[in-house]
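Okay, my_file_32.cif now, which holds mmCIF, C-alpha atoms:
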data_start
#
loop_
_atom_site.group_PDB
_atom_site.id
_atom_site.type_symbol
_atom_site.label_atom_id
_atom_site.label_comp_id
_atom_site.auth_asym_id
_atom_site.auth_seq_id
_atom_site.Cartn_x
_atom_site.Cartn_y
_atom_site.Cartn_z
ATOM 1 C CA MET P 230 -20.532 -4.862 13.263
ATOM 2 C CA ASP P 231 -19.328 -1.275 13.312
ATOM 3 C CA PHE P 232 -16.295 0.037 11.433
ATOM 4 C CA ASP P 233 -13.797 -0.272 14.290
ATOM 5 C CA THR P 234 -14.889 -3.818 15.159
ATOM 6 C CA ILE P 235 -14.583 -4.965 11.541
ATOM 7 C CA THR P 236 -11.158 -3.357 11.256
ATOM 8 C CA LYS P 237 -9.845 -4.930 14.452
ATOM 9 C CA THR P 238 -11.223 -8.368 13.522
ATOM 10 C CA ASP P 239 -9.630 -8.254 10.083
ATOM 11 C CA LEU P 240 -6.280 -6.977 11.355
ATOM 12 C CA ASP P 241 -6.172 -9.628 14.081
ATOM 13 C CA LEU P 242 -6.742 -12.339 11.469
ATOM 14 C CA LEU P 243 -4.037 -10.854 9.260
ATOM 15 C CA GLU P 244 -1.561 -10.554 12.126
ATOM 16 C CA VAL P 245 -1.925 -14.231 13.012
ATOM 17 C CA TYR P 246 -1.478 -15.187 9.362
ATOM 18 C CA LEU P 247 1.606 -12.998 8.899
ATOM 19 C CA ARG P 248 3.273 -14.261 12.084
ATOM 20 C CA GLY P 249 3.100 -17.806 10.767
ATOM 21 C CA SER P 250 4.038 -17.018 7.189
ATOM 22 C CA ILE P 251 7.861 -16.973 7.323
ATOM 23 C CA SER P 252 9.551 -19.904 9.065
ATOM 24 C CA ALA P 253 12.703 -19.423 11.147
ATOM 25 C CA GLY P 254 14.920 -21.486 8.846
ATOM 26 C CA SER P 255 18.576 -22.200 9.515
ATOM 27 C CA PRO P 256 20.506 -20.199 12.144
ATOM 28 C CA LEU P 257 23.065 -19.577 9.405
ATOM 29 C CA TYR P 258 20.759 -17.090 7.703
ATOM 30 C CA ARG P 259 18.566 -16.122 10.636
ATOM 31 C CA ASP P 260 19.632 -12.470 10.379
ATOM 32 C CA VAL P 261 17.754 -11.968 7.128
ATOM 33 C CA ILE P 262 14.635 -13.723 8.474
ATOM 34 C CA ASP P 263 14.719 -11.436 11.498
ATOM 35 C CA ALA P 264 15.121 -8.426 9.226
ATOM 36 C CA MET P 265 12.174 -9.530 7.081
ATOM 37 C CA ASN P 266 9.921 -9.969 10.110
ATOM 38 C CA TYR P 267 11.123 -6.706 11.662
ATOM 39 C CA SER P 268 9.522 -4.740 8.828
ATOM 40 C CA LEU P 269 6.646 -7.076 8.000
ATOM 41 C CA LEU P 270 5.387 -7.226 11.593
ATOM 42 C CA SER P 271 6.053 -3.623 12.570
ATOM 43 C CA GLY P 272 2.409 -2.629 12.362
ATOM 44 C CA GLY P 273 1.320 0.182 10.105
ATOM 45 C CA LYS P 274 -2.135 0.934 8.795
ATOM 46 C CA ARG P 275 -2.403 -2.248 6.663
ATOM 47 C CA VAL P 276 -4.509 -0.240 4.212
ATOM 48 C CA ARG P 277 -3.720 -2.497 1.274
ATOM 49 C CA ALA P 278 -4.593 -5.647 3.191
ATOM 50 C CA LEU P 279 -7.856 -4.121 4.392
ATOM 51 C CA PHE P 280 -8.860 -3.228 0.844
ATOM 52 C CA CYS P 281 -8.109 -6.775 -0.276
ATOM 53 C CA MET P 282 -10.047 -8.409 2.535
ATOM 54 C CA GLU P 283 -13.013 -6.051 2.411
ATOM 55 C CA VAL P 284 -13.448 -6.169 -1.365
ATOM 56 C CA CYS P 285 -13.583 -9.942 -1.005
ATOM 57 C CA ARG P 286 -16.245 -9.664 1.693
ATOM 58 C CA ALA P 287 -18.242 -7.033 -0.217
ATOM 59 C CA LEU P 288 -18.408 -9.373 -3.216
ATOM 60 C CA GLY P 289 -19.736 -12.237 -1.116
ATOM 61 C CA GLY P 290 -16.464 -14.075 -0.465
ATOM 62 C CA LYS P 291 -15.096 -15.277 2.851
ATOM 63 C CA VAL P 292 -12.499 -12.927 4.246
ATOM 64 C CA GLU P 293 -10.318 -15.898 5.283
ATOM 65 C CA ALA P 294 -9.937 -16.758 1.591
ATOM 66 C CA ALA P 295 -8.368 -13.354 1.019
ATOM 67 C CA LEU P 296 -5.716 -13.702 3.743
ATOM 68 C CA PRO P 297 -2.928 -15.122 1.504
ATOM 69 C CA PHE P 298 -3.611 -12.399 -1.067
ATOM 70 C CA ALA P 299 -3.642 -9.654 1.579
ATOM 71 C CA ALA P 300 -0.459 -11.029 3.150
ATOM 72 C CA ALA P 301 1.324 -11.122 -0.202
ATOM 73 C CA VAL P 302 0.483 -7.467 -0.829
ATOM 74 C CA GLU P 303 1.743 -6.530 2.642
ATOM 75 C CA MET P 304 5.009 -8.372 1.949
ATOM 76 C CA VAL P 305 5.529 -6.418 -1.258
ATOM 77 C CA HIS P 306 4.680 -3.187 0.543
ATOM 78 C CA ALA P 307 7.108 -3.954 3.394
ATOM 79 C CA TYR P 308 9.862 -4.757 0.900
ATOM 80 C CA SER P 309 9.274 -1.441 -0.869
ATOM 81 C CA LEU P 310 9.539 0.498 2.391
ATOM 82 C CA ILE P 311 12.816 -1.212 3.327
ATOM 83 C CA HIS P 312 14.311 -0.293 -0.036
ATOM 84 C CA ASP P 313 12.820 3.229 0.003
ATOM 85 C CA ASP P 314 14.612 3.972 3.268
ATOM 86 C CA LEU P 315 18.058 2.871 2.039
ATOM 87 C CA PRO P 316 20.771 5.534 1.652
ATOM 88 C CA CYS P 317 20.738 5.094 -2.127
ATOM 89 C CA MET P 318 17.019 5.931 -2.226
ATOM 90 C CA ASP P 319 15.273 8.258 0.267
ATOM 91 C CA ASP P 320 17.876 7.741 3.030
ATOM 92 C CA ASP P 321 15.433 7.783 5.960
ATOM 93 C CA ASP P 322 16.412 6.730 9.474
ATOM 94 C CA LEU P 323 12.884 6.210 10.833
ATOM 95 C CA ARG P 324 9.932 4.115 9.718
ATOM 96 C CA ARG P 325 6.707 3.762 11.735
ATOM 97 C CA GLY P 326 8.398 5.356 14.713
ATOM 98 C CA LYS P 327 11.235 2.812 14.772
ATOM 99 C CA PRO P 328 14.735 2.770 13.270
ATOM 100 C CA SER P 329 14.650 1.884 9.578
ATOM 101 C CA ASN P 330 15.581 -1.673 8.689
ATOM 102 C CA HIS P 331 19.090 -0.829 7.504
ATOM 103 C CA LYS P 332 19.774 1.057 10.741
ATOM 104 C CA VAL P 333 19.124 -2.133 12.709
ATOM 105 C CA PHE P 334 20.410 -4.881 10.422
ATOM 106 C CA GLY P 335 22.834 -3.073 8.113
ATOM 107 C CA GLU P 336 22.404 -2.121 4.475
ATOM 108 C CA ALA P 337 23.258 -5.535 3.020
ATOM 109 C CA ASN P 338 20.796 -7.438 5.203
ATOM 110 C CA ALA P 339 18.136 -4.788 4.610
ATOM 111 C CA LEU P 340 18.560 -5.117 0.860
ATOM 112 C CA LEU P 341 18.318 -8.908 1.097
ATOM 113 C CA ALA P 342 15.347 -8.704 3.475
ATOM 114 C CA GLY P 343 13.480 -6.662 0.882
ATOM 115 C CA ASP P 344 14.369 -9.206 -1.791
ATOM 116 C CA GLY P 345 13.262 -11.992 0.530
ATOM 117 C CA LEU P 346 9.869 -10.401 1.185
ATOM 118 C CA LEU P 347 9.254 -9.805 -2.510
ATOM 119 C CA THR P 348 9.969 -13.406 -3.453
ATOM 120 C CA HIS P 349 8.057 -14.753 -0.442
ATOM 121 C CA ALA P 350 5.004 -12.816 -1.557
ATOM 122 C CA PHE P 351 4.842 -14.894 -4.719
ATOM 123 C CA TYR P 352 5.530 -18.090 -2.779
ATOM 124 C CA THR P 353 2.538 -17.175 -0.609
ATOM 125 C CA LEU P 354 0.296 -16.747 -3.647
ATOM 126 C CA ALA P 355 1.583 -19.919 -5.299
ATOM 127 C CA THR P 356 0.877 -22.051 -2.212
ATOM 128 C CA ALA P 357 -2.499 -20.525 -1.328
ATOM 129 C CA ASP P 358 -5.420 -22.919 -1.052
ATOM 130 C CA THR P 359 -7.209 -21.629 -4.128
ATOM 131 C CA GLY P 360 -7.966 -22.741 -7.629
ATOM 132 C CA ALA P 361 -5.151 -22.833 -10.175
ATOM 133 C CA ARG P 362 -6.870 -20.205 -12.336
ATOM 134 C CA GLN P 363 -7.267 -17.805 -9.408
ATOM 135 C CA GLY P 364 -3.706 -18.411 -8.229
ATOM 136 C CA LEU P 365 -2.204 -17.764 -11.654
ATOM 137 C CA LEU P 366 -4.259 -14.606 -12.117
ATOM 138 C CA ALA P 367 -3.209 -13.363 -8.664
ATOM 139 C CA VAL P 368 0.477 -13.883 -9.494
ATOM 140 C CA LYS P 369 0.059 -12.047 -12.807
ATOM 141 C CA LEU P 370 -1.753 -9.084 -11.266
ATOM 142 C CA LEU P 371 0.688 -8.646 -8.375
ATOM 143 C CA ALA P 372 3.753 -9.026 -10.603
ATOM 144 C CA GLU P 373 2.464 -6.333 -12.938
ATOM 145 C CA ALA P 374 1.607 -3.949 -10.097
ATOM 146 C CA ALA P 375 4.957 -4.424 -8.325
ATOM 147 C CA GLY P 376 7.138 -4.397 -11.436
ATOM 148 C CA CYS P 377 8.588 -1.919 -13.890
ATOM 149 C CA HIS P 378 5.143 -0.930 -15.215
ATOM 150 C CA GLY P 379 3.879 -0.364 -11.673
ATOM 151 C CA MET P 380 5.528 0.428 -8.364
ATOM 152 C CA ILE P 381 9.142 0.206 -9.563
ATOM 153 C CA GLY P 382 8.364 2.434 -12.538
ATOM 154 C CA GLY P 383 6.933 5.010 -10.152
ATOM 155 C CA GLN P 384 10.049 4.862 -7.982
ATOM 156 C CA VAL P 385 12.269 5.430 -11.009
ATOM 157 C CA ILE P 386 10.243 8.506 -11.969
ATOM 158 C CA ASP P 387 10.509 9.739 -8.373
ATOM 159 C CA LEU P 388 14.301 9.418 -8.328
ATOM 160 C CA GLY P 389 14.697 10.869 -11.808
ATOM 161 C CA TRP P 390 12.823 14.073 -11.007
ATOM 162 C CA GLU P 391 14.503 14.961 -7.710
ATOM 163 C CA ASN P 392 15.695 18.582 -7.624
ATOM 164 C CA ARG P 393 13.734 19.338 -10.785
ATOM 165 C CA ASP P 394 10.418 21.065 -11.390
ATOM 166 C CA THR P 395 8.119 18.135 -12.048
ATOM 167 C CA PRO P 396 5.156 18.740 -14.388
ATOM 168 C CA ALA P 397 1.757 17.928 -12.880
ATOM 169 C CA GLU P 398 1.106 15.080 -15.307
ATOM 170 C CA VAL P 399 4.457 13.443 -14.445
ATOM 171 C CA LEU P 400 3.816 13.802 -10.722
ATOM 172 C CA GLU P 401 0.384 12.206 -11.051
ATOM 173 C CA GLN P 402 1.736 9.357 -13.175
ATOM 174 C CA MET P 403 4.488 8.747 -10.626
ATOM 175 C CA HIS P 404 2.012 8.453 -7.775
ATOM 176 C CA ARG P 405 -0.428 6.310 -9.744
ATOM 177 C CA LEU P 406 2.425 3.852 -10.217
ATOM 178 C CA LYS P 407 4.437 4.159 -7.006
ATOM 179 C CA THR P 408 1.489 4.221 -4.590
ATOM 180 C CA GLY P 409 -1.667 3.581 -6.569
ATOM 181 C CA ALA P 410 -0.626 0.390 -8.332
ATOM 182 C CA LEU P 411 -0.271 -1.631 -5.139
ATOM 183 C CA ILE P 412 -3.518 -0.320 -3.658
ATOM 184 C CA ALA P 413 -5.289 -1.080 -6.939
ATOM 185 C CA VAL P 414 -4.012 -4.639 -7.089
ATOM 186 C CA ALA P 415 -5.000 -5.189 -3.461
ATOM 187 C CA ALA P 416 -8.620 -4.448 -4.385
ATOM 188 C CA GLN P 417 -8.374 -6.647 -7.465
ATOM 189 C CA LEU P 418 -6.920 -9.531 -5.467
ATOM 190 C CA GLY P 419 -9.854 -9.252 -3.096
ATOM 191 C CA ALA P 420 -12.123 -9.827 -6.061
ATOM 192 C CA VAL P 421 -10.022 -12.778 -7.211
ATOM 193 C CA ALA P 422 -10.249 -14.291 -3.718
ATOM 194 C CA ALA P 423 -14.042 -14.015 -4.013
ATOM 195 C CA ASP P 424 -13.837 -15.659 -7.471
ATOM 196 C CA HIS P 425 -14.915 -12.496 -9.273
ATOM 197 C CA THR P 426 -12.421 -12.465 -12.125
ATOM 198 C CA GLY P 427 -14.209 -10.754 -15.001
ATOM 199 C CA ASP P 428 -12.085 -8.240 -16.899
ATOM 200 C CA GLU P 429 -14.572 -5.376 -16.563
ATOM 201 C CA GLU P 430 -15.108 -5.971 -12.853
ATOM 202 C CA LEU P 431 -11.361 -6.014 -12.209
ATOM 203 C CA LYS P 432 -10.895 -2.866 -14.288
ATOM 204 C CA ILE P 433 -13.542 -0.962 -12.330
ATOM 205 C CA LEU P 434 -12.101 -2.065 -9.000
ATOM 206 C CA GLY P 435 -8.644 -1.044 -10.190
ATOM 207 C CA ASP P 436 -9.970 2.389 -11.183
ATOM 208 C CA PHE P 437 -11.669 2.740 -7.793
ATOM 209 C CA ALA P 438 -8.532 1.882 -5.843
ATOM 210 C CA ARG P 439 -6.197 3.967 -8.026
ATOM 211 C CA LYS P 440 -8.268 7.047 -7.196
ATOM 212 C CA VAL P 441 -8.005 6.130 -3.526
ATOM 213 C CA GLY P 442 -4.269 5.625 -3.976
ATOM 214 C CA LEU P 443 -3.786 9.055 -5.524
ATOM 215 C CA ALA P 444 -5.804 10.656 -2.725
ATOM 216 C CA PHE P 445 -3.700 8.680 -0.218
ATOM 217 C CA GLN P 446 -0.494 10.046 -1.735
ATOM 218 C CA ILE P 447 -1.762 13.637 -1.717
ATOM 219 C CA VAL P 448 -2.537 13.223 1.993
ATOM 220 C CA ASP P 449 1.027 11.926 2.441
ATOM 221 C CA ASP P 450 2.293 15.111 0.760
ATOM 222 C CA ILE P 451 0.116 17.202 3.072
ATOM 223 C CA LEU P 452 1.379 15.358 6.147
ATOM 224 C CA ASP P 453 5.010 15.681 5.046
ATOM 225 C CA ALA P 454 4.523 19.443 4.957
ATOM 226 C CA THR P 455 2.205 19.971 7.936
ATOM 227 C CA GLY P 456 2.158 16.783 10.034
ATOM 228 C CA ASP P 457 3.438 15.912 13.492
ATOM 229 C CA GLU P 458 6.655 13.851 13.322
ATOM 230 C CA GLN P 459 5.761 11.934 16.480
ATOM 231 C CA LYS P 460 2.350 10.934 15.119
ATOM 232 C CA LEU P 461 3.725 10.311 11.647
ATOM 233 C CA GLY P 462 6.489 8.007 12.892
ATOM 234 C CA LYS P 463 9.038 9.360 10.402
ATOM 235 C CA PRO P 464 10.746 12.675 9.670
ATOM 236 C CA ILE P 465 8.639 15.438 8.166
ATOM 237 C CA GLY P 466 9.892 17.853 5.545
ATOM 238 C CA SER P 467 11.950 15.175 3.769
ATOM 239 C CA ASP P 468 10.334 15.945 0.403
ATOM 240 C CA ALA P 469 11.458 19.569 0.580
ATOM 241 C CA GLN P 470 14.947 18.567 1.725
ATOM 242 C CA GLN P 471 15.294 16.242 -1.269
ATOM 243 C CA GLY P 472 14.031 18.848 -3.711
ATOM 244 C CA LYS P 473 10.896 16.901 -4.632
ATOM 245 C CA THR P 474 7.885 18.440 -6.291
ATOM 246 C CA THR P 475 4.681 17.543 -4.426
ATOM 247 C CA PHE P 476 1.013 18.373 -4.753
ATOM 248 C CA ILE P 477 1.584 20.984 -2.042
ATOM 249 C CA THR P 478 4.319 22.753 -3.999
ATOM 250 C CA LEU P 479 2.259 22.623 -7.198
ATOM 251 C CA TYR P 480 -1.209 23.469 -5.923
ATOM 252 C CA GLY P 481 -0.961 24.600 -2.312
ATOM 253 C CA LEU P 482 -2.701 23.161 0.729
ATOM 254 C CA GLU P 483 -6.305 24.153 0.011
ATOM 255 C CA ARG P 484 -6.425 22.825 -3.559
ATOM 256 C CA SER P 485 -4.659 19.636 -2.484
ATOM 257 C CA GLN P 486 -7.250 19.040 0.236
ATOM 258 C CA GLU P 487 -10.060 19.610 -2.260
ATOM 259 C CA ALA P 488 -8.450 17.134 -4.676
ATOM 260 C CA VAL P 489 -8.413 14.515 -1.900
ATOM 261 C CA ARG P 490 -12.134 14.987 -1.297
ATOM 262 C CA GLN P 491 -13.018 14.887 -5.002
ATOM 263 C CA LEU P 492 -10.909 11.808 -5.729
ATOM 264 C CA THR P 493 -12.444 9.981 -2.773
ATOM 265 C CA SER P 494 -15.987 10.841 -3.849
ATOM 266 C CA ASP P 495 -15.242 9.709 -7.417
ATOM 267 C CA ALA P 496 -13.653 6.502 -6.141
ATOM 268 C CA ILE P 497 -16.702 5.509 -4.114
ATOM 269 C CA GLU P 498 -18.978 6.232 -7.065
ATOM 270 C CA ARG P 499 -16.824 3.898 -9.156
ATOM 271 C CA LEU P 500 -16.882 1.213 -6.431
ATOM 272 C CA TYR P 501 -20.682 1.206 -6.387
ATOM 273 C CA GLN P 502 -20.708 0.172 -10.044
ATOM 274 C CA VAL P 503 -19.695 -3.342 -8.978
ATOM 275 C CA VAL P 504 -20.544 -3.463 -5.270
ATOM 276 C CA ALA P 505 -23.992 -2.726 -3.872
ATOM 277 C CA PRO P 506 -23.853 0.358 -1.597
ATOM 278 C CA GLU P 507 -25.119 -1.703 1.331
ATOM 279 C CA ASN P 508 -22.236 -4.160 0.896
ATOM 280 C CA GLY P 509 -19.673 -1.430 0.290
ATOM 281 C CA LYS P 510 -20.385 0.703 3.361
ATOM 282 C CA TYR P 511 -17.195 -0.351 5.151
ATOM 283 C CA LEU P 512 -15.036 0.343 2.085
ATOM 284 C CA ALA P 513 -16.617 3.770 1.648
ATOM 285 C CA SER P 514 -15.997 4.565 5.310
ATOM 286 C CA LEU P 515 -12.403 3.390 4.993
ATOM 287 C CA CYS P 516 -11.866 5.685 2.006
ATOM 288 C CA TRP P 517 -13.166 8.720 3.899
ATOM 289 C CA ARG P 518 -11.178 7.898 7.041
ATOM 290 C CA LEU P 519 -7.995 7.872 5.000
ATOM 291 C CA THR P 520 -8.615 11.485 4.033
ATOM 292 C CA ASP P 521 -8.221 12.858 7.565
ATOM 293 C CA ARG P 522 -5.552 10.548 8.971
ATOM 294 C CA GLU P 523 -2.605 11.842 10.976
ATOM 295 C CA ASN P 524 -0.069 9.209 9.923
#
Starting from the file, lay out its structure as structure tokens.
Amino acid sequence: MDFDTITKTDLDLLEVYLRGSISAGSPLYRDVIDAMNYSLLSGGKRVRALFCMEVCRALGGKVEAALPFAAAVEMVHAYSLIHDDLPCMDDDDLRRGKPSNHKVFGEANALLAGDGLLTHAFYTLATADTGARQGLLAVKLLAEAAGCHGMIGGQVIDLGWENRDTPAEVLEQMHRLKTGALIAVAAQLGAVAADHTGDEELKILGDFARKVGLAFQIVDDILDATGDEQKLGKPIGSDAQQGKTTFITLYGLERSQEAVRQLTSDAIERLYQVVAPENGKYLASLCWRLTDREN
């Protein structure tokens, strides 16, 4: 199958899984369920899920086995976007071309919807049809990536350095945590789903995906400065308005673009240390396609 066919097949499988993952529950708290599904099912690139599913396949596993792991990562990602958009954080009114969650459901329900998605992610891992050892490892890896030493730590750095000149090493650390940690754990969970749980293998896959994650964030910085708001689905120029240092403000457009290319090349080289190039062709193509995206 070609790249587009594989992508569509995987995303269709994921969509079916996600639509059945959160039950309606009681009408008394239906608002928060609706708010959770509003963000979880609003589309997006599903990059993290694709990395999870395709690492599993590249290592000889069945992609269906990776669905609970991919879904859990998407739930954590959706929760983070809901909270990022809140007035106390980035205060954005648009997400994926639609009103942000708090604009539709109110701040309180948006906050609770994010909390609900985070906790449901771990419920999804805990109830997955997998071995106890794999399930426990998956919970540990995702908790670490989403927590204070991962995504939340990166968000704290981001908030703490607004309207200040951020040193390059701080900016890179922020992005490795805020964006890279969740992409890295997605790749690692794909390996766990394929029952590849060796420490060295997981480390290499984490290194591979963190490089992709940093490149992904640099592209986000480029798009925030130069992108098309209609294609991007959210306001552009928000980083400048909030006084944030970005790779563009530090290095300029040309050097930032070169960094994206170098990081992507290095990432694929790292990937091929654990995945045969023939089996990793889709992942390599995915990495390169992320470098020239428009949203």
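Going from CA of Ala423 in chain P over to CA of Gly509 in chain P, you cover 14.4 Å.
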Spatial neighbours of range 484-492 of chain P, 12 Å, all atoms listed in the file, chain gap at least 4 places, as an MDAnalysis selection string: chainID P and resid 401 436:452 454 475:480 496:499 516:522
Store the residues of this selection in a file with C-alpha atoms, as a CSV table (one decimal), keeping the file's coordinate frame.
chain,number,residue,atom,x,y,z
P,401,GLU,CA,0.4,12.2,-11.1
P,436,ASP,CA,-10.0,2.4,-11.2
P,437,PHE,CA,-11.7,2.7,-7.8
P,438,ALA,CA,-8.5,1.9,-5.8
P,439,ARG,CA,-6.2,4.0,-8.0
P,440,LYS,CA,-8.3,7.0,-7.2
P,441,VAL,CA,-8.0,6.1,-3.5
P,442,GLY,CA,-4.3,5.6,-4.0
P,443,LEU,CA,-3.8,9.1,-5.5
P,444,ALA,CA,-5.8,10.7,-2.7
P,445,PHE,CA,-3.7,8.7,-0.2
P,446,GLN,CA,-0.5,10.0,-1.7
P,447,ILE,CA,-1.8,13.6,-1.7
P,448,VAL,CA,-2.5,13.2,2.0
P,449,ASP,CA,1.0,11.9,2.4
P,450,ASP,CA,2.3,15.1,0.8
P,451,ILE,CA,0.1,17.2,3.1
P,452,LEU,CA,1.4,15.4,6.1
P,454,ALA,CA,4.5,19.4,5.0
P,475,THR,CA,4.7,17.5,-4.4
P,476,PHE,CA,1.0,18.4,-4.8
P,477,ILE,CA,1.6,21.0,-2.0
P,478,THR,CA,4.3,22.8,-4.0
P,479,LEU,CA,2.3,22.6,-7.2
P,480,TYR,CA,-1.2,23.5,-5.9
P,496,ALA,CA,-13.7,6.5,-6.1
P,497,ILE,CA,-16.7,5.5,-4.1
P,498,GLU,CA,-19.0,6.2,-7.1
P,499,ARG,CA,-16.8,3.9,-9.2
P,516,CYS,CA,-11.9,5.7,2.0
P,517,TRP,CA,-13.2,8.7,3.9
P,518,ARG,CA,-11.2,7.9,7.0
P,519,LEU,CA,-8.0,7.9,5.0
P,520,THR,CA,-8.6,11.5,4.0
P,521,ASP,CA,-8.2,12.9,7.6
P,522,ARG,CA,-5.6,10.5,9.0
Compile the contact shell of range 301-307 of chain P as number ranges by chain: residues with an atom at most 8 Å away, counting all atoms listed in the file, same-chain residues fewer than 4 positions apart removed. P: 268-269, 275, 277-278, 297, 311, 343, 346-347, 349-351, 353-354, 371, 375, 411, 415
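Closest approach to Asp428 in chain P among P:Leu366, P:Leu279, P:Leu515, P:Leu406 is made by P:Leu366 (distances from only C-alpha atoms).
If only C-alpha atoms are the atoms counted, then among P:Asp322, P:Glu336, P:Glu430, P:Asp314 the closest residue to Ala416 in chain P is P:Glu430.
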Looking at only C-alpha atoms, which of P:Ala294, P:Leu270, P:Met318, P:Leu310 is the one that sits closest to Ile251 in chain P? P:Leu270
Output the residue selection produced by the PyMOL selection byres ((chain P and resi 263) around 12) on the file above, formatted as a PDB file with C-alpha atoms, in the coordinates of the input.
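Output contents, as saved in result-v7.pdb:
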ATOM      1  CA  ARG P 248       3.273 -14.261  12.084  1.00  0.00           C
ATOM      2  CA  ILE P 251       7.861 -16.973   7.323  1.00  0.00           C
ATOM      3  CA  SER P 252       9.551 -19.904   9.065  1.00  0.00           C
ATOM      4  CA  ALA P 253      12.703 -19.423  11.147  1.00  0.00           C
ATOM      5  CA  GLY P 254      14.920 -21.486   8.846  1.00  0.00           C
ATOM      6  CA  SER P 255      18.576 -22.200   9.515  1.00  0.00           C
ATOM      7  CA  PRO P 256      20.506 -20.199  12.144  1.00  0.00           C
ATOM      8  CA  LEU P 257      23.065 -19.577   9.405  1.00  0.00           C
ATOM      9  CA  TYR P 258      20.759 -17.090   7.703  1.00  0.00           C
ATOM     10  CA  ARG P 259      18.566 -16.122  10.636  1.00  0.00           C
ATOM     11  CA  ASP P 260      19.632 -12.470  10.379  1.00  0.00           C
ATOM     12  CA  VAL P 261      17.754 -11.968   7.128  1.00  0.00           C
ATOM     13  CA  ILE P 262      14.635 -13.723   8.474  1.00  0.00           C
ATOM     14  CA  ALA P 264      15.121  -8.426   9.226  1.00  0.00           C
ATOM     15  CA  MET P 265      12.174  -9.530   7.081  1.00  0.00           C
ATOM     16  CA  ASN P 266       9.921  -9.969  10.110  1.00  0.00           C
ATOM     17  CA  TYR P 267      11.123  -6.706  11.662  1.00  0.00           C
ATOM     18  CA  SER P 268       9.522  -4.740   8.828  1.00  0.00           C
ATOM     19  CA  LEU P 269       6.646  -7.076   8.000  1.00  0.00           C
ATOM     20  CA  LEU P 270       5.387  -7.226  11.593  1.00  0.00           C
ATOM     21  CA  SER P 271       6.053  -3.623  12.570  1.00  0.00           C
ATOM     22  CA  ASN P 330      15.581  -1.673   8.689  1.00  0.00           C
ATOM     23  CA  VAL P 333      19.124  -2.133  12.709  1.00  0.00           C
ATOM     24  CA  PHE P 334      20.410  -4.881  10.422  1.00  0.00           C
ATOM     25  CA  ASN P 338      20.796  -7.438   5.203  1.00  0.00           C
ATOM     26  CA  ALA P 339      18.136  -4.788   4.610  1.00  0.00           C
ATOM     27  CA  LEU P 341      18.318  -8.908   1.097  1.00  0.00           C
ATOM     28  CA  ALA P 342      15.347  -8.704   3.475  1.00  0.00           C
ATOM     29  CA  GLY P 343      13.480  -6.662   0.882  1.00  0.00           C
ATOM     30  CA  GLY P 345      13.262 -11.992   0.530  1.00  0.00           C
ATOM     31  CA  LEU P 346       9.869 -10.401   1.185  1.00  0.00           C
TER      32      LEU P 346
END
Could you get me a file of range 428-437 of chain P with N, CA, C and O atoms, as a PDB file, in the first residue's frame, taken from the block above?
ATOM      1  N   ASP P 428      14.843  -2.064  27.208  1.00  0.00           N
ATOM      2  CA  ASP P 428      15.191  -0.692  27.590  1.00  0.00           C
ATOM      3  C   ASP P 428      15.908   0.051  26.467  1.00  0.00           C
ATOM      4  O   ASP P 428      15.605   1.216  26.195  1.00  0.00           O
ATOM      5  N   GLU P 429      16.875  -0.600  25.822  1.00  0.00           N
ATOM      6  CA  GLU P 429      17.644   0.074  24.780  1.00  0.00           C
ATOM      7  C   GLU P 429      16.770   0.398  23.569  1.00  0.00           C
ATOM      8  O   GLU P 429      16.882   1.482  22.980  1.00  0.00           O
ATOM      9  N   GLU P 430      15.914  -0.548  23.206  1.00  0.00           N
ATOM     10  CA  GLU P 430      15.019  -0.327  22.069  1.00  0.00           C
ATOM     11  C   GLU P 430      14.080   0.848  22.343  1.00  0.00           C
ATOM     12  O   GLU P 430      13.876   1.714  21.479  1.00  0.00           O
ATOM     13  N   LEU P 431      13.522   0.897  23.540  1.00  0.00           N
ATOM     14  CA  LEU P 431      12.624   1.995  23.893  1.00  0.00           C
ATOM     15  C   LEU P 431      13.370   3.321  23.939  1.00  0.00           C
ATOM     16  O   LEU P 431      12.833   4.361  23.540  1.00  0.00           O
ATOM     17  N   LYS P 432      14.606   3.303  24.408  1.00  0.00           N
ATOM     18  CA  LYS P 432      15.399   4.530  24.459  1.00  0.00           C
ATOM     19  C   LYS P 432      15.652   5.069  23.050  1.00  0.00           C
ATOM     20  O   LYS P 432      15.508   6.275  22.795  1.00  0.00           O
ATOM     21  N   ILE P 433      16.038   4.187  22.139  1.00  0.00           N
ATOM     22  CA  ILE P 433      16.321   4.616  20.769  1.00  0.00           C
ATOM     23  C   ILE P 433      15.065   5.175  20.104  1.00  0.00           C
ATOM     24  O   ILE P 433      15.105   6.219  19.441  1.00  0.00           O
ATOM     25  N   LEU P 434      13.945   4.499  20.291  1.00  0.00           N
ATOM     26  CA  LEU P 434      12.699   4.983  19.710  1.00  0.00           C
ATOM     27  C   LEU P 434      12.283   6.324  20.320  1.00  0.00           C
ATOM     28  O   LEU P 434      11.750   7.197  19.628  1.00  0.00           O
ATOM     29  N   GLY P 435      12.541   6.480  21.616  1.00  0.00           N
ATOM     30  CA  GLY P 435      12.266   7.769  22.251  1.00  0.00           C
ATOM     31  C   GLY P 435      13.137   8.872  21.676  1.00  0.00           C
ATOM     32  O   GLY P 435      12.667   9.980  21.406  1.00  0.00           O
ATOM     33  N   ASP P 436      14.427   8.564  21.460  1.00  0.00           N
ATOM     34  CA  ASP P 436      15.338   9.548  20.864  1.00  0.00           C
ATOM     35  C   ASP P 436      14.872   9.926  19.460  1.00  0.00           C
ATOM     36  O   ASP P 436      14.867  11.101  19.082  1.00  0.00           O
ATOM     37  N   PHE P 437      14.513   8.914  18.679  1.00  0.00           N
ATOM     38  CA  PHE P 437      14.001   9.146  17.321  1.00  0.00           C
ATOM     39  C   PHE P 437      12.822  10.103  17.341  1.00  0.00           C
ATOM     40  O   PHE P 437      12.794  11.121  16.625  1.00  0.00           O
TER      41      PHE P 437
END
